[in-house]
Structures are given as structure tokens and as C-alpha cells.
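Read through the structure below, which is laid out as C-alpha cells, and then see the notes.
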Amino acid sequence: MSDIIQLLPDHVANQIAAGEVVQRPASVVKELLENAIDADATAIKLIIKDSGKTLVQVIDNGKGMSPTDARLSFERHATSKIRSADDLFSLNTKGFRGEALASIAAIAHVELKSKQESEELGTLIAIEGSEIKTQEVTVTPTGTSIAVKHLFFNIPARRNFLKSNTVELRHIIDEFHRVALAHPTIAFAMYHNGSELFNLHESNYRQRVVHIFGTKTNEKLVPVEETTEVLKISGFVGKPQFAKKTKSEQFFFVNNRFIKSPYLNHAINAAFDGLVKDGNHPIYFLNLTVDPKSIDINIHPTKTEIKFDDEHTLYAILRSSVKHSLGQFNIAPVLDFDYDTNLDTPYNYKDKGAETPTVEVDRDYNPFREERSSGKQTSSFKKQTPNSWDSLYVGLESKGTRDSQDFSQVEFESEPENASLFGNQLQQDNAQSTYQFQNKYIISTIKSGMLMIDQHRAHQRVLYEGLLKSVTVKEAVSQQLLFPLHLHFTGAELTILKQLQSDLEATGFVFSAIAEGQVEITGLPINVPDSEVSIILEQLISDVEQEVPDSHFSATDLLAKSMAKSLAIKTGQSLSNLEQEHLVNSLFACKEPSVSPTNRATFITITIDEVDRKFM
Ligand code: ADP
Ligand code: MG
């Protein structure tokens, strides 16, 4: 029989390798930024068009390449960074495989311009799908510019597989953050479709973190410094009260390389044990420096996972250093969840100082306001009884932080008249047709038996349909705020918010300004208490990040779902009889009463027959 094994042609091998190295535009961003850093650049520019689908370009002022090197750089296993296998154990560079440029050139149109300091002229090379189209002499500044256009132009399946522009941009920004955080002494700028997203000057680490994540971050940071024989740790953790619902501000760098390590993450969580509420994630930006010999970064093609020789020791050191810092900066003793359960709110209202209202607000918060008020189609405000605002602001008052504020003013402006509709005087309702069970289910009787309604899911359904309606009909009523709220968001979060802005406005939000790092809100939907705004928006952003709608329709749907989830009365909340009845009535006025927005049963029925049978 004849032989059947053949060597794959280079361009095929490169395409296959590209599958591993280049998953999406963000992978190109990572590889190009890392090459620029390896070339000792001090200023790096990233230019993106259409979330990288049309263009990813990186311009650096590094050492550049000779004409021969420029040509060779596109060959597979062509690298200037290692010469022998031994070098793998003392890596000081980001790259070493010599695969990135070859892979990228196999699946895109690439234009490279490069010049070394000592030369007058530089080199221009154009490659399309591994095929050299041009190589010529050109005038270009010292350094390298690589433009990657039409990614996956020859692999339609991969191109179609790319997610929406929002998602791809999100991934790019994530990579940009990681690289920029690991190298504060290098200046970075990023542009998307012609507008500047970041302009980061050479700085120290703290400044870099603050420039990326916003000025409010500064006060959240607690330094962590530790030097031991095996490990040096430097960086910051966030004070426990600023822990987030998402893991978007958790960064580990090992020898200036971003890595993911669930194990080391666990060490941080252990240090925060008891200080952060369940489901919240502490913020951290930590740099670990270890002997390159003690790690193996070769185990993953995109190199975000590494293996340590002695993980257990690292774990112990990390945990105790973080604990120590939290203690030293007097963070731990201040914590008292009984005193202020809103400590986990990551954003402070600028005008009100750090103290936000306590959880008492929730108890007074009436979930049925929206239905009532939208029925009336009015936004008139009326003064409430002193009792209700007393409890509404009890957290602030007890701390004496706002003595000079005129609370009656606040309440006058921001409380809709129907807020006390379910006040105590109305609750002496006698004929009881519903019953609340375990503060979780509402039991109601029907002809054929009985209904058991999940209060949280049922209310989600009611709010969800209401929100969808207001977004589509744009009839929402807004409560005007006397003091505008100022909330802080990262650039990436703002991008998401801007996309949802018109839908949010249709629900009643009024944004007076969305500027760099900050959002000013002057109006809220009638059923949203201002103490909840930052939580709702943060949850929404996190939902969008995770779910990623592609079409406008599903974005609206996601917004309605997310807000309904945040606003719905919770399991464990006790409801007055009137509230129970109102919820039941509203549920059955819905188009689809039987399931929650996430398609789970809102109620079950138990028939008389079933009950009878039990007694047989
Ligand atoms: P690796 O980074 O693993 O060596 P790459 O394919 O990313 O492999 O790059 C191949 C080579 O091209 C590098 O080793 C380097 O010599 C050269 N190179 C790539 N990008 C640049 C740049 N921006 N400036 C100078 N040289 C570069
Ligand atoms: Mg490289």
C-alpha cells in the first residue's frame, strides 16, 4: 500500500494554529500589545474599528525591526525571544512561541510598518492570508505599526461566530485593561471608531488603577506589600464595603502577566471571609513577582493560566498578607453589617457622603407603587405623613451626618403620593382572602381548590410586563430628584449604559449627563427608590455582560428582566393582606401569569381532590 501521510503546507498549518491563538479580535489586541511591550515601547496606541472586526491596529515607539526581521516575523516559530528550551525557564518577555504574527497573517489582511532607530527608512509589508502582497521601503517613525484588517476574512464560519459589537468590544477593553494595568510606566491610548476611550499617561500603579477605573476608586484601595523569599506581592485590594456583584475588578499579575487563578482567588476570598457578603466579590489588583523558574506559563496557548511549583505556600502568604493589610488599615473593625447593610453599595452619592440609607428603606419601599401610579398617569407629589419618612431616612439620621439637611424637602420632592396607600390605617382589612406562608408564598383559594403563589416570581412577572410596556409605549412616569445622583462607572460599563440609555429613559430614568466615568441622574422610574439605583444599574450591567443580547429586542427584554429581578419583592418579606391581594390581582391581570420572566412557575394549584385524597 502506498504512503498516505503528507506534511501540511505552511499556510494550512498557520490557519490551524490561528484557531488556537486567535479566538476573536481581542486575541489580536493582546498579541500585538504584548509584542509592543517586548519591543521596549514607552508609548503604545491601540486603534479599533467596529469592535475589531474591521480593524485592530497597534502603533508603538519600540525598537522596530530590520527589513529581514520584519519579513521573518510572519514565519511560524520565528521569534527573537528564546533561542533554546532552557530560555523557557527564565522568560522575561510576553511572547516566546513565535506563533502570533504567523497565525494572524493567515486569517486577516495585515499591514506592517517598522523602522529601527539607527535607520533612515523603514519597511512596509502587506500580507493577506499568509500571502505576501507587498514588501517595500517606506517612510515611517521609529517603532512598529501593525494593522490587522478583516479578521477571519477567509474563514466565514469563524467570522459568523463572533458576538455582537458590544461583546467583542468588551473583550478588547478587558485585554487593554489587563495589559495597561500590568505596565503602568508605559503610556497607552485606545480609540474606538475615532473616539478616544482611554488616554493613560506614564504613572505609578495606584494612578494607573484610578485612571482606568475612575477617580472614585482611589478611596477604595488598601495597599498590600509583602516580600518573602519565594514571593513579592504588591498592589491593592478594595475595602470590603466596595466589593462588587461582578468579578470585573479582580486582577492577578504574575511577573507582569495577567493570569487567572481560581486557587489564588480563593486565597483572597479567604482573607475577606466574613467581611464581604455572600455573592459579592472583593476588588483586587495584585502583582506577584516570583522566580521565573518556579512557574510554567507554557501550559496554555493564550497564556492566562500558569502553574506554580509551590501553590500552597503562595496561597498562605497571599491570604495572610491581604488579611494583614485589611487589619493594618483598620478596615475590619469598622465593619458592622447590622449598622449599615448598604456597605456593599459600591457607589456613593456625591452629595450625601458615604452613608446611604440603611435597609429600612426596603421595608418601607412599596412594591405596588408603580401599578397604582401608572393607572393614574400622573406624577404629582404630595407630602407624606412624617412617620414614613422617619423610617425612610432612619439610617442617615442615626448617624447624624445630615443634620443640616431638610428632610421634609427631600421627601416632598421625591415621594409619590401613593407611597402610603398601604399605610397602617388601611391594613385593618377584615375579610382575609389570602394568607402569606413562610414570608414566601401567598395562598389564595379558588373554586376548585387552592393556589400557592411564589411572591418573588409573581412580582417579577408583574414588573416585567409593566416595564416592557413602558419601554415600548414610552409612557413611563418619572419622579424628579431634588438632588441629582452621581454614580461612577468604568469606561466599559458606560459603554453598556449608553446602549441601554434610551430604553432606561423609557422606563422613567432621566440622565442629565453621561460623561467620563460619571453618570448624573435627575429622575427615576416611580417605583425605583434612589437608594437602589446603583444596585439596579450594576446588576443590569452585569446581566448584559453575561447574557449579551444581539438584537435590540432582546436588549429591551433583558433590561426588563434585570430590573424586574432587582425590584421585585424578595422572599422573606412580609406583606400586608392588602399587598398580598394586590399582588395576586396584578399577577392575574398579566398576559402570562403562570411563569416568571425567566420561565419558572409563579404558582401551583392544589385541587380539592388532591387534598381529599390525602385524607383518605
Ligand atoms: P513572539 O512574540 O512569540 O516572539 P510573534 O509572532 O508575536 O512571536 O512575533 C514574532 C517576532 O516578531 C518577535 O519575536 C519579534 O522579534 C518581532 N516583533 C513582533 N512585533 C514586534 C514589534 N511591535 N516590535 C518589534 N518587533 C516585533
Ligand atoms: Mg508575540
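Labels used: A, B, ... for chains in the order of the C-alpha cells, numbers from 1 for residues in each chain, and numbers from 1 for ligands as shown.
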List all protein, DNA and RNA residues that have an atom no more than 12 Å from any atom of ligand 2, counting only C-alpha atoms and all ligand atoms, and report them as number ranges by chain. A: 21, 27-39, 73-74, 76-82, 93-104, 301-303
All residues 10 Å or closer to Glu226 (chain A), only C-alpha atoms, same chain fewer than 4 positions away omitted, as a compact mmCIF listing (two decimals) with C-alpha atoms, in the first residue's frame:
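After the write, around-v6.txt holds the following:
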# COMPACT_ATOMS: atom_id res chain seq x y z
CA LEU A 231 7.28 35.76 46.51
CA LYS A 232 6.89 39.50 46.37
CA ILE A 233 3.39 40.91 46.49
CA SER A 234 2.46 44.47 45.71
CA GLY A 235 -0.75 46.18 44.74
CA LEU A 288 3.06 38.78 42.30
CA ILE A 317 1.35 34.07 52.01
CA LEU A 318 -1.24 35.77 49.87
CA SER A 320 -2.12 36.41 55.31
CA SER A 321 -0.74 39.49 53.53
CA VAL A 322 -4.18 40.58 52.44
CA HIS A 324 -2.74 41.87 57.42
CA SER A 325 -3.37 44.85 55.15
Considering only C-alpha atoms, return as a ChimeraX atom specification whatever protein or nucleic-acid residues lie within 12 Å of region 64-70 of chain A, sequence-local ones (same chain, fewer than 4 positions apart) excluded. /A:35-41,59-60,74-75,78-80,101-102,111-127,132,135-138,140-146
Asn255 (chain A) surroundings by only C-alpha atoms, 12 Å radius, close-in-sequence under 5 positions cut, as a PyMOL selection string: chain A and resi 90-94+182-183+231-234+286-297+306
Residues from last step as file, N, CA, C and O atoms, as a CSV table (one decimal), in the first residue's frame:
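See result38.csv below for the written result:
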chain,number,residue,atom,x,y,z
A,90,SER,N,13.5,31.0,32.0
A,90,SER,CA,13.9,32.3,32.6
A,90,SER,C,13.3,33.4,31.7
A,90,SER,O,13.9,34.4,31.4
A,91,LEU,N,12.0,33.2,31.4
A,91,LEU,CA,11.3,34.2,30.5
A,91,LEU,C,11.1,35.5,31.1
A,91,LEU,O,10.6,35.7,32.2
A,92,ASN,N,11.6,36.6,30.4
A,92,ASN,CA,11.2,37.9,30.8
A,92,ASN,C,10.4,38.6,29.8
A,92,ASN,O,10.1,39.8,29.9
A,93,THR,N,10.0,37.9,28.7
A,93,THR,CA,9.2,38.5,27.7
A,93,THR,C,7.8,37.9,27.7
A,93,THR,O,7.5,36.9,28.4
A,94,LYS,N,6.9,38.6,27.0
A,94,LYS,CA,5.5,38.1,27.0
A,94,LYS,C,5.4,37.0,26.0
A,94,LYS,O,4.8,36.0,26.2
A,182,ALA,N,-0.8,46.0,33.9
A,182,ALA,CA,0.5,45.3,34.2
A,182,ALA,C,1.7,46.2,33.9
A,182,ALA,O,2.8,45.9,34.3
A,183,HIS,N,1.5,47.3,33.2
A,183,HIS,CA,2.6,48.2,32.8
A,183,HIS,C,2.3,49.7,33.0
A,183,HIS,O,2.2,50.4,32.0
A,231,LEU,N,8.3,35.0,47.2
A,231,LEU,CA,7.3,35.8,46.5
A,231,LEU,C,7.3,37.2,47.0
A,231,LEU,O,7.5,37.5,48.1
A,232,LYS,N,7.1,38.1,46.0
A,232,LYS,CA,6.9,39.5,46.4
A,232,LYS,C,5.5,39.9,45.9
A,232,LYS,O,5.1,39.6,44.8
A,233,ILE,N,4.7,40.5,46.8
A,233,ILE,CA,3.4,40.9,46.5
A,233,ILE,C,3.3,42.4,46.6
A,233,ILE,O,3.8,43.0,47.5
A,234,SER,N,2.7,43.1,45.6
A,234,SER,CA,2.5,44.5,45.7
A,234,SER,C,1.2,44.8,45.0
A,234,SER,O,0.8,44.0,44.1
A,286,LEU,N,-3.5,42.8,42.1
A,286,LEU,CA,-2.3,42.4,42.8
A,286,LEU,C,-1.2,41.9,41.9
A,286,LEU,O,-1.5,41.1,40.9
A,287,ASN,N,0.0,42.3,42.1
A,287,ASN,CA,1.1,41.9,41.3
A,287,ASN,C,2.0,40.9,42.1
A,287,ASN,O,2.4,41.3,43.2
A,288,LEU,N,2.2,39.7,41.6
A,288,LEU,CA,3.1,38.8,42.3
A,288,LEU,C,4.3,38.7,41.5
A,288,LEU,O,4.3,38.6,40.3
A,289,THR,N,5.5,38.7,42.2
A,289,THR,CA,6.7,38.5,41.5
A,289,THR,C,7.4,37.3,42.0
A,289,THR,O,7.5,37.1,43.2
A,290,VAL,N,7.6,36.3,41.1
A,290,VAL,CA,8.2,35.1,41.6
A,290,VAL,C,9.4,34.8,40.6
A,290,VAL,O,9.5,35.4,39.6
A,291,ASP,N,10.2,33.9,41.0
A,291,ASP,CA,11.3,33.4,40.2
A,291,ASP,C,10.7,32.8,39.0
A,291,ASP,O,10.0,31.8,39.1
A,292,PRO,N,11.1,33.2,37.7
A,292,PRO,CA,10.5,32.7,36.5
A,292,PRO,C,10.7,31.1,36.5
A,292,PRO,O,9.9,30.4,35.9
A,293,LYS,N,11.8,30.6,37.2
A,293,LYS,CA,12.0,29.2,37.2
A,293,LYS,C,10.9,28.4,37.9
A,293,LYS,O,10.7,27.3,37.7
A,294,SER,N,10.2,29.2,38.8
A,294,SER,CA,9.2,28.4,39.6
A,294,SER,C,7.8,28.4,39.0
A,294,SER,O,6.9,27.9,39.6
A,295,ILE,N,7.7,28.9,37.8
A,295,ILE,CA,6.4,28.9,37.1
A,295,ILE,C,6.5,28.3,35.7
A,295,ILE,O,7.6,28.3,35.1
A,296,ASP,N,5.4,27.7,35.3
A,296,ASP,CA,5.4,27.2,33.9
A,296,ASP,C,4.2,27.9,33.2
A,296,ASP,O,3.0,27.6,33.5
A,297,ILE,N,4.5,28.8,32.3
A,297,ILE,CA,3.4,29.5,31.6
A,297,ILE,C,3.1,28.9,30.3
A,297,ILE,O,2.4,29.4,29.5
A,306,ILE,N,-1.2,29.7,34.6
A,306,ILE,CA,0.2,29.2,34.8
A,306,ILE,C,0.2,28.2,35.9
A,306,ILE,O,-0.8,28.1,36.7
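Using only C-alpha atoms and all ligand atoms, the smallest distance between any of A:Ile48, A:Val58, A:Ala26, A:Leu88 and ligand 1 comes from A:Val58.
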DSSP on the backbone: what in region 145-309 of chain A comes out alpha helix (DSSP H), as JSON, numbers by chain? {"A": [156, 157, 158, 159, 160, 161, 165, 166, 167, 168, 169, 170, 171, 172, 173, 174, 175, 176, 177, 178, 179, 180, 181, 182, 205, 206, 207, 208, 209, 210, 211, 212, 213, 262, 263, 264, 265, 266, 267, 268, 269, 270, 271]}
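The space between CA of Met450 (chain A) and CA of Glu465 (chain A) spans 24.9 Å.
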I'd like the neighbourhood of Asn269 (chain A) as a count of residues only, where a residue qualifies if any of its atoms comes within 8 Å (using only C-alpha atoms), though same-chain residues fewer than 4 positions away should be ignored. 4
Work out how far CA of Leu524 (chain A) is from CA of Leu559 (chain A), in Å to one decimal.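 Interatomic distance here is 15.0 Å.
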